[in-house]
$ cat query10.pdb   # PDB, C-alpha atoms
MODEL        1
ATOM      1  CA  MET N 165     -26.992  66.549 -93.334
ATOM      2  CA  LYS N 166     -24.637  64.011 -91.842
ATOM      3  CA  PRO N 167     -24.651  63.133 -88.132
ATOM      4  CA  ASN N 168     -22.220  64.768 -85.758
ATOM      5  CA  PRO N 169     -19.635  62.004 -85.105
ATOM      6  CA  GLU N 170     -19.502  63.010 -81.427
ATOM      7  CA  PHE N 171     -22.972  61.507 -80.887
ATOM      8  CA  VAL N 172     -23.158  58.433 -83.142
ATOM      9  CA  ASN N 173     -22.345  55.646 -80.671
ATOM     10  CA  GLU N 174     -24.661  56.441 -77.802
ATOM     11  CA  THR N 175     -26.494  53.940 -75.607
ATOM     12  CA  PRO N 176     -30.231  53.160 -75.596
ATOM     13  CA  ALA N 177     -30.444  54.973 -72.241
ATOM     14  CA  PHE N 178     -29.062  58.101 -73.892
ATOM     15  CA  TRP N 179     -31.681  58.043 -76.658
ATOM     16  CA  ALA N 180     -34.441  57.252 -74.205
ATOM     17  CA  LEU N 181     -33.626  60.431 -72.272
ATOM     18  CA  VAL N 182     -33.281  62.474 -75.489
ATOM     19  CA  ARG N 183     -36.818  61.526 -76.471
ATOM     20  CA  TYR N 184     -38.273  61.887 -72.978
ATOM     21  CA  ALA N 185     -36.634  65.241 -72.224
ATOM     22  CA  SER N 186     -37.624  66.616 -75.632
ATOM     23  CA  GLU N 187     -41.256  65.739 -74.997
ATOM     24  CA  GLN N 188     -41.308  67.017 -71.422
ATOM     25  CA  LEU N 189     -39.473  70.278 -72.074
ATOM     26  CA  GLY N 190     -40.652  70.952 -75.630
ATOM     27  CA  TYR N 191     -38.751  71.099 -78.894
ATOM     28  CA  SER N 192     -39.465  74.697 -79.882
ATOM     29  CA  LYS N 193     -39.821  78.111 -78.336
ATOM     30  CA  ARG N 194     -43.269  79.646 -78.511
ATOM     31  CA  VAL N 195     -42.984  82.999 -80.272
ATOM     32  CA  GLY N 196     -45.436  85.654 -81.370
ATOM     33  CA  LYS N 197     -46.923  85.840 -84.836
ATOM     34  CA  GLY N 198     -44.434  87.110 -87.398
ATOM     35  CA  LEU N 199     -41.388  86.409 -85.225
ATOM     36  CA  PRO N 200     -38.683  83.924 -86.318
ATOM     37  CA  LYS N 201     -39.455  80.367 -85.269
ATOM     38  CA  THR N 202     -36.651  78.904 -83.187
ATOM     39  CA  LEU N 203     -35.783  75.672 -81.464
ATOM     40  CA  ARG N 204     -35.381  75.443 -77.731
ATOM     41  CA  ARG N 205     -32.022  75.432 -75.968
ATOM     42  CA  TYR N 206     -31.715  73.440 -72.752
ATOM     43  CA  THR N 207     -29.760  73.783 -69.535
ATOM     44  CA  GLN N 208     -28.262  70.796 -67.756
ATOM     45  CA  GLY N 209     -30.407  71.652 -64.756
ATOM     46  CA  GLU N 210     -33.604  71.405 -66.793
ATOM     47  CA  VAL N 211     -32.650  68.006 -68.176
ATOM     48  CA  ALA N 212     -31.501  66.811 -64.745
ATOM     49  CA  ASN N 213     -34.829  67.840 -63.239
ATOM     50  CA  VAL N 214     -36.692  65.787 -65.860
ATOM     51  CA  ALA N 215     -34.384  62.816 -65.278
ATOM     52  CA  LYS N 216     -34.285  62.914 -61.470
ATOM     53  CA  THR N 217     -36.717  60.006 -61.007
ATOM     54  CA  LEU N 218     -35.357  57.942 -63.900
ATOM     55  CA  GLY N 219     -32.086  56.738 -62.414
ATOM     56  CA  THR N 220     -30.040  58.360 -65.184
ATOM     57  CA  ALA N 221     -26.336  58.939 -64.506
ATOM     58  CA  ASN N 222     -25.124  62.548 -64.323
ATOM     59  CA  GLU N 223     -22.705  62.064 -67.210
ATOM     60  CA  VAL N 224     -25.587  60.904 -69.425
ATOM     61  CA  VAL N 225     -27.622  63.966 -68.442
ATOM     62  CA  LYS N 226     -24.729  66.217 -69.456
ATOM     63  CA  ARG N 227     -24.211  64.499 -72.799
ATOM     64  CA  VAL N 228     -27.919  64.570 -73.555
ATOM     65  CA  THR N 229     -27.987  68.297 -72.824
ATOM     66  CA  ASP N 230     -25.031  68.831 -75.155
ATOM     67  CA  TYR N 231     -26.717  66.790 -77.869
ATOM     68  CA  LEU N 232     -30.074  68.562 -77.602
ATOM     69  CA  ASN N 233     -28.386  71.936 -78.042
ATOM     70  CA  CYS N 234     -26.231  70.593 -80.880
ATOM     71  CA  ARG N 235     -29.366  69.301 -82.603
ATOM     72  CA  ALA N 236     -31.071  72.682 -82.361
ATOM     73  CA  ALA N 237     -28.022  74.472 -83.769
ATOM     74  CA  MET N 238     -27.709  72.014 -86.667
ATOM     75  CA  LEU N 239     -31.310  72.574 -87.687
ATOM     76  CA  GLU N 240     -31.244  76.346 -87.371
ATOM     77  CA  GLU N 241     -27.832  76.868 -88.957
ATOM     78  CA  GLN N 242     -27.687  74.087 -91.569
ATOM     79  CA  VAL N 243     -31.221  73.036 -92.450
ATOM     80  CA  GLU N 244     -33.825  75.804 -92.257
ATOM     81  CA  SER N 245     -32.401  77.847 -95.146
ATOM     82  CA  LEU N 246     -32.244  74.765 -97.413
ATOM     83  CA  LEU N 247     -35.974  74.043 -97.341
ATOM     84  CA  MET N 248     -37.866  75.264-100.421
ATOM     85  CA  ASP N 249     -41.466  76.207-101.038
ATOM     86  CA  ARG N 250     -43.504  74.903-103.977
ATOM     87  CA  ASP N 251     -42.608  77.729-106.372
ATOM     88  CA  GLN N 252     -38.896  77.343-105.671
ATOM     89  CA  ALA N 253     -39.076  73.573-106.156
ATOM     90  CA  LYS N 254     -41.015  74.019-109.404
ATOM     91  CA  ALA N 255     -38.427  76.442-110.757
ATOM     92  CA  LEU N 256     -35.578  74.092-109.841
ATOM     93  CA  PHE N 257     -37.315  71.111-111.461
ATOM     94  CA  GLU N 258     -37.977  73.011-114.676
ATOM     95  CA  LYS N 259     -34.350  74.152-114.808
ATOM     96  CA  LEU N 260     -33.040  70.602-114.351
ATOM     97  CA  LYS N 261     -35.587  69.192-116.785
ATOM     98  CA  ALA N 262     -34.477  71.618-119.492
ATOM     99  CA  LYS N 263     -30.816  70.799-118.829
ATOM    100  CA  HIS N 264     -30.974  67.005-118.595
ATOM    101  CA  LYS N 265     -34.103  66.133-120.641
ATOM    102  CA  PRO N 266     -34.904  63.194-118.346
ATOM    103  CA  GLN N 267     -36.424  59.934-119.562
ATOM    104  CA  CYS N 268     -37.076  58.647-116.038
ATOM    105  CA  HIS N 269     -40.394  58.515-114.217
ATOM    106  CA  LEU N 270     -41.691  62.025-113.439
ATOM    107  CA  PRO N 271     -44.703  61.459-111.185
ATOM    108  CA  LEU N 272     -47.594  63.760-110.400
ATOM    109  CA  ASN N 273     -48.704  64.425-106.859
ATOM    110  CA  LYS N 274     -51.887  62.900-105.436
ATOM    111  CA  GLN N 275     -53.893  66.107-105.221
ATOM    112  CA  LYS N 276     -56.737  67.164-107.509
ATOM    113  CA  GLY N 277     -57.755  70.128-109.630
ATOM    114  CA  THR N 278     -55.490  73.172-109.540
ATOM    115  CA  MET N 279     -53.322  71.478-106.908
ATOM    116  CA  ARG N 280     -52.437  68.663-109.317
ATOM    117  CA  HIS N 281     -48.879  69.034-110.610
ATOM    118  CA  HIS N 282     -45.587  67.189-110.796
ATOM    119  CA  ALA N 283     -44.206  65.894-107.524
ATOM    120  CA  TYR N 284     -41.400  68.395-107.917
ATOM    121  CA  PHE N 285     -38.930  67.084-105.361
ATOM    122  CA  THR N 286     -39.322  63.466-106.492
ATOM    123  CA  CYS N 287     -38.887  64.572-110.112
ATOM    124  CA  ILE N 288     -35.749  66.511-109.155
ATOM    125  CA  ILE N 289     -34.310  63.452-107.405
ATOM    126  CA  ASN N 290     -35.136  61.088-110.275
ATOM    127  CA  THR N 291     -33.668  63.516-112.803
ATOM    128  CA  LEU N 292     -30.428  63.948-110.861
ATOM    129  CA  THR N 293     -30.122  60.207-110.245
ATOM    130  CA  GLU N 294     -30.567  59.392-113.934
ATOM    131  CA  ALA N 295     -28.115  62.086-115.014
ATOM    132  CA  THR N 296     -25.457  60.985-112.521
ATOM    133  CA  LEU N 297     -25.764  57.265-113.286
ATOM    134  CA  ASP N 298     -25.480  58.103-117.010
ATOM    135  CA  GLY N 299     -27.172  55.027-118.436
ATOM    136  CA  THR N 300     -26.970  52.669-115.456
ATOM    137  CA  SER N 301     -30.486  51.625-114.489
ATOM    138  CA  PHE N 302     -32.184  52.264-111.170
ATOM    139  CA  ALA N 303     -35.690  51.849-109.774
ATOM    140  CA  ASP N 304     -37.333  55.247-110.153
ATOM    141  CA  ASN N 305     -40.826  54.007-109.284
ATOM    142  CA  PRO N 306     -40.626  50.763-107.281
ATOM    143  CA  ARG N 307     -43.987  49.118-106.798
ATOM    144  CA  GLN N 308     -42.864  46.148-104.754
ATOM    145  CA  LEU N 309     -41.434  45.360-101.366
ATOM    146  CA  THR N 310     -37.670  45.455-101.005
ATOM    147  CA  THR N 311     -35.930  42.109-100.533
ATOM    148  CA  ILE N 312     -32.485  41.608 -98.986
ATOM    149  CA  LYS N 313     -30.359  38.505 -99.580
ATOM    150  CA  ASN N 314     -27.129  37.126 -98.195
ATOM    151  CA  ASP N 315     -23.996  36.401-100.253
ATOM    152  CA  LYS N 316     -25.393  32.967-101.167
ATOM    153  CA  GLY N 317     -28.478  34.550-102.712
ATOM    154  CA  HIS N 318     -30.770  33.385 -99.928
ATOM    155  CA  LEU N 319     -33.587  35.697 -98.878
ATOM    156  CA  VAL N 320     -33.047  36.984 -95.327
ATOM    157  CA  ALA N 321     -35.445  39.941 -95.131
ATOM    158  CA  THR N 322     -38.389  41.581 -96.867
ATOM    159  CA  MET N 323     -39.091  45.154 -95.807
ATOM    160  CA  SER N 324     -42.604  46.049 -94.674
ATOM    161  CA  ARG N 325     -43.078  49.058 -96.937
ATOM    162  CA  GLN N 326     -42.552  49.973-100.564
ATOM    163  CA  ILE N 327     -39.787  52.562-100.794
ATOM    164  CA  ASP N 328     -39.532  55.500-103.251
ATOM    165  CA  GLY N 329     -36.298  54.569-105.008
ATOM    166  CA  ALA N 330     -33.696  51.818-105.119
ATOM    167  CA  TYR N 331     -30.400  51.057-106.774
ATOM    168  CA  PRO N 332     -30.073  49.016-108.826
ATOM    169  CA  SER N 333     -33.535  47.588-107.987
ATOM    170  CA  PRO N 334     -35.656  46.714-104.947
ATOM    171  CA  ASP N 335     -34.520  43.110-105.392
ATOM    172  CA  ASN N 336     -31.449  42.996-103.126
ATOM    173  CA  PRO N 337     -30.451  46.652-103.566
ATOM    174  CA  HIS N 338     -27.257  48.429-102.630
ATOM    175  CA  VAL N 339     -29.206  51.579-101.700
ATOM    176  CA  VAL N 340     -32.805  52.590-101.012
ATOM    177  CA  TRP N 341     -34.244  56.054-100.495
ATOM    178  CA  GLU N 342     -37.426  57.688 -99.283
ATOM    179  CA  ILE N 343     -38.873  61.060-100.275
ATOM    180  CA  LYS N 344     -41.111  63.229 -98.088
ATOM    181  CA  GLU N 345     -42.356  66.331 -99.936
ATOM    182  CA  TYR N 346     -45.439  68.195 -98.768
ATOM    183  CA  TYR N 347     -45.846  71.236-101.035
ATOM    184  CA  GLY N 348     -49.159  73.027-100.996
ATOM    185  CA  THR N 349     -50.419  71.853 -97.620
ATOM    186  CA  THR N 350     -52.318  74.438 -95.592
ATOM    187  CA  SER N 351     -52.377  72.528 -92.329
ATOM    188  CA  PHE N 352     -50.124  70.159 -90.468
ATOM    189  CA  GLY N 353     -51.434  66.603 -90.415
ATOM    190  CA  SER N 354     -50.625  63.158 -89.134
ATOM    191  CA  ARG N 355     -49.022  62.089 -92.417
ATOM    192  CA  VAL N 356     -45.841  63.979 -91.490
ATOM    193  CA  ALA N 357     -45.640  62.066 -88.229
ATOM    194  CA  ASP N 358     -46.350  58.879 -90.153
ATOM    195  CA  GLY N 359     -43.513  59.717 -92.540
ATOM    196  CA  VAL N 360     -41.050  59.964 -89.667
ATOM    197  CA  TYR N 361     -42.220  56.696 -88.150
ATOM    198  CA  GLU N 362     -41.964  54.974 -91.554
ATOM    199  CA  THR N 363     -38.337  56.038 -91.802
ATOM    200  CA  LEU N 364     -37.600  54.686 -88.337
ATOM    201  CA  LEU N 365     -39.283  51.381 -89.188
ATOM    202  CA  ASP N 366     -37.271  51.055 -92.400
ATOM    203  CA  GLY N 367     -34.091  51.829 -90.494
ATOM    204  CA  TYR N 368     -34.756  49.158 -87.875
ATOM    205  CA  GLU N 369     -35.510  46.594 -90.576
ATOM    206  CA  ILE N 370     -32.382  47.461 -92.560
ATOM    207  CA  ASN N 371     -30.215  47.190 -89.446
ATOM    208  CA  GLU N 372     -31.757  43.843 -88.569
ATOM    209  CA  ALA N 373     -31.156  42.592 -92.108
ATOM    210  CA  LYS N 374     -27.529  43.731 -91.872
ATOM    211  CA  ASN N 375     -26.850  41.103 -89.232
ATOM    212  CA  LEU N 376     -28.510  38.397 -91.313
ATOM    213  CA  ALA N 377     -27.039  39.300 -94.701
ATOM    214  CA  GLU N 378     -23.693  40.529 -93.285
ATOM    215  CA  ARG N 379     -23.981  43.717 -95.313
ATOM    216  CA  ARG N 380     -25.919  46.929 -94.894
ATOM    217  CA  VAL N 381     -28.207  48.471 -97.490
ATOM    218  CA  GLY N 382     -27.638  52.222 -97.790
ATOM    219  CA  HIS N 383     -30.637  54.172 -96.529
ATOM    220  CA  TYR N 384     -31.296  57.828 -97.381
ATOM    221  CA  LEU N 385     -34.155  60.214 -96.661
ATOM    222  CA  LEU N 386     -34.844  63.317 -98.757
ATOM    223  CA  VAL N 387     -37.369  65.879 -97.464
ATOM    224  CA  ASP N 388     -38.693  69.270 -98.487
ATOM    225  CA  ASP N 389     -41.218  72.049 -97.940
ATOM    226  CA  HIS N 390     -40.394  74.905 -95.647
ATOM    227  CA  TYR N 391     -43.911  75.499 -94.336
ATOM    228  CA  THR N 392     -44.597  71.874 -93.439
ATOM    229  CA  TRP N 393     -41.257  70.951 -91.911
ATOM    230  CA  TRP N 394     -40.114  74.246 -90.388
ATOM    231  CA  ASP N 395     -43.191  76.336 -89.683
ATOM    232  CA  CYS N 396     -45.286  73.402 -88.476
ATOM    233  CA  GLY N 397     -43.052  70.385 -87.912
ATOM    234  CA  ARG N 398     -39.815  71.369 -86.224
ATOM    235  CA  SER N 399     -40.252  68.629 -83.618
ATOM    236  CA  TYR N 400     -40.311  66.063 -86.420
ATOM    237  CA  LEU N 401     -37.147  67.538 -87.904
ATOM    238  CA  CYS N 402     -35.569  66.915 -84.508
ATOM    239  CA  ARG N 403     -36.601  63.279 -84.732
ATOM    240  CA  LEU N 404     -35.000  62.999 -88.161
ATOM    241  CA  VAL N 405     -31.740  64.334 -86.723
ATOM    242  CA  ASP N 406     -32.069  61.734 -83.964
ATOM    243  CA  ALA N 407     -32.577  58.994 -86.575
ATOM    244  CA  THR N 408     -29.308  59.813 -88.321
ATOM    245  CA  HIS N 409     -27.373  59.757 -85.056
ATOM    246  CA  MET N 410     -29.024  56.477 -84.031
ATOM    247  CA  GLY N 411     -27.853  54.872 -87.280
ATOM    248  CA  LEU N 412     -31.378  54.367 -88.629
ATOM    249  CA  VAL N 413     -30.726  56.429 -91.754
ATOM    250  CA  ASP N 414     -27.363  57.196 -93.337
ATOM    251  CA  GLU N 415     -28.159  60.789 -94.181
ATOM    252  CA  VAL N 416     -31.096  63.175 -94.474
ATOM    253  CA  ILE N 417     -30.977  65.559 -97.421
ATOM    254  CA  PHE N 418     -32.986  68.755 -97.138
ATOM    255  CA  GLY N 419     -34.450  70.802 -99.986
ATOM    256  CA  ARG N 420     -32.004  72.501-102.323
ATOM    257  CA  GLU N 421     -29.119  70.577-100.744
ATOM    258  CA  VAL N 422     -30.165  67.807-103.153
ATOM    259  CA  VAL N 423     -28.608  69.590-106.142
ATOM    260  CA  ASP N 424     -25.029  69.052-105.003
ATOM    261  CA  ARG N 425     -25.205  66.396-102.314
ATOM    262  CA  TRP N 426     -27.331  63.776-104.057
ATOM    263  CA  PRO N 427     -25.173  63.493-107.213
ATOM    264  CA  ASP N 428     -22.116  63.202-104.958
ATOM    265  CA  ILE N 429     -23.733  60.268-103.149
ATOM    266  CA  VAL N 430     -24.981  58.589-106.353
ATOM    267  CA  SER N 431     -21.589  58.884-108.047
ATOM    268  CA  LYS N 432     -20.059  56.616-105.389
ATOM    269  CA  TRP N 433     -22.473  53.710-105.900
ATOM    270  CA  PRO N 434     -20.900  50.536-107.329
ATOM    271  CA  LYS N 435     -21.673  49.883-110.997
TER     272      LYS N 435
ENDMDL
END

$ encode --input "query10.pdb" --output "structure tokens"
Amino acid sequence: MKPNPEFVNETPAFWALVRYASEQLGYSKRVGKGLPKTLRRYTQGEVANVAKTLGTANEVVKRVTDYLNCRAAMLEEQVESLLMDRDQAKALFEKLKAKHKPQCHLPLNKQKGTMRHHAYFTCIINTLTEATLDGTSFADNPRQLTTIKNDKGHLVATMSRQIDGAYPSPDNPHVVWEIKEYYGTTSFGSRVADGVYETLLDGYEINEAKNLAERRVGHYLLVDDHYTWWDCGRSYLCRLVDATHMGLVDEVIFGREVVDRWPDIVSKWPK
């Protein structure tokens, strides 16, 4: 999912009200058991009432209202149907594995016993990346911090976290990506919130490094699991949409969208 170009150059005041109004008014509608889960739509009056003591200009209130409703529509119409469950991800991985016969890293998840299996979404991404690059190497299991250098080869930034993939390597990469898959969870925990905050941190660091290195490292986020993200975490999906519009991540790729969209992205990387 790419950002809507109408909302990509907004001010800090705009994003401050987006976050504040979302928290005060709520991200989702409360519905009865068994009913479709939906995101909230907002009126300009509701947002204005929240903002009345904040000194926010009326035109900002209107644009924030438009954005909040655009965000809800994007998630309901473009994202929800793309999210897979564990069985669907397993079937897709096995299909791609049989087709491409990958030699790349195919990690297992961190669970135990009967819950121990391949990290299906990560394996799908690694398989598609390897197949698209067709012999060009990439970091399919980075175990080091990412460094960013300027055109003279001087180190200007070291990111705080180890990322999930990099091209061509985490040493001064062109592109980095993060993967958030949560198959098999039975409850919604703080790690999903942590995952969103990690993405924001990486985005801030990459943008800061852009000014120092005079180039920007591509930054992608790939997420999956319908239960975790849609049934339990719709507010965090909203924050991911915000991150793309704030320029903290180039694009978020959801679930089965990876099959077509990720190879298209990878094919454009310089070799």

$ resolve_selection --input "query10.pdb" --expression "the PyMOL selection byres ((chain N and resi 391) around 12)" --output "JSON, numbers by chain"
{"N": [201, 244, 245, 247, 248, 249, 250, 345, 346, 347, 348, 349, 350, 351, 352, 388, 389, 390, 392, 393, 394, 395, 396, 397, 398, 419]}

$ closest_residue --input "query10.pdb" --among "N:Gln252, N:Val320, N:Lys344, N:Leu401" --to "Asn273 of chain N" --atoms "all atoms listed in the file"
N:Lys344

$ resolve_selection --input "query10.pdb" --expression "the PyMOL selection byres ((chain N and resi 368-370) around 12)" --output "PyMOL selection string"
chain N and resi 310-313+320-325+336-341+361-367+371-384+407-408+410-414

$ resolve_selection --input "query10.pdb" --expression "the PyMOL selection byres ((chain N and resi 179) around 12)" --output "PyMOL selection string"
chain N and resi 171-178+180-186+220+224-225+227-229+231-232+403+405-407+409-411

$ atom_distance --input "query10.pdb" --atom1 "atom CA of His318 of chain N" --atom2 "atom CA of Ser333 of chain N"
16.6 Å
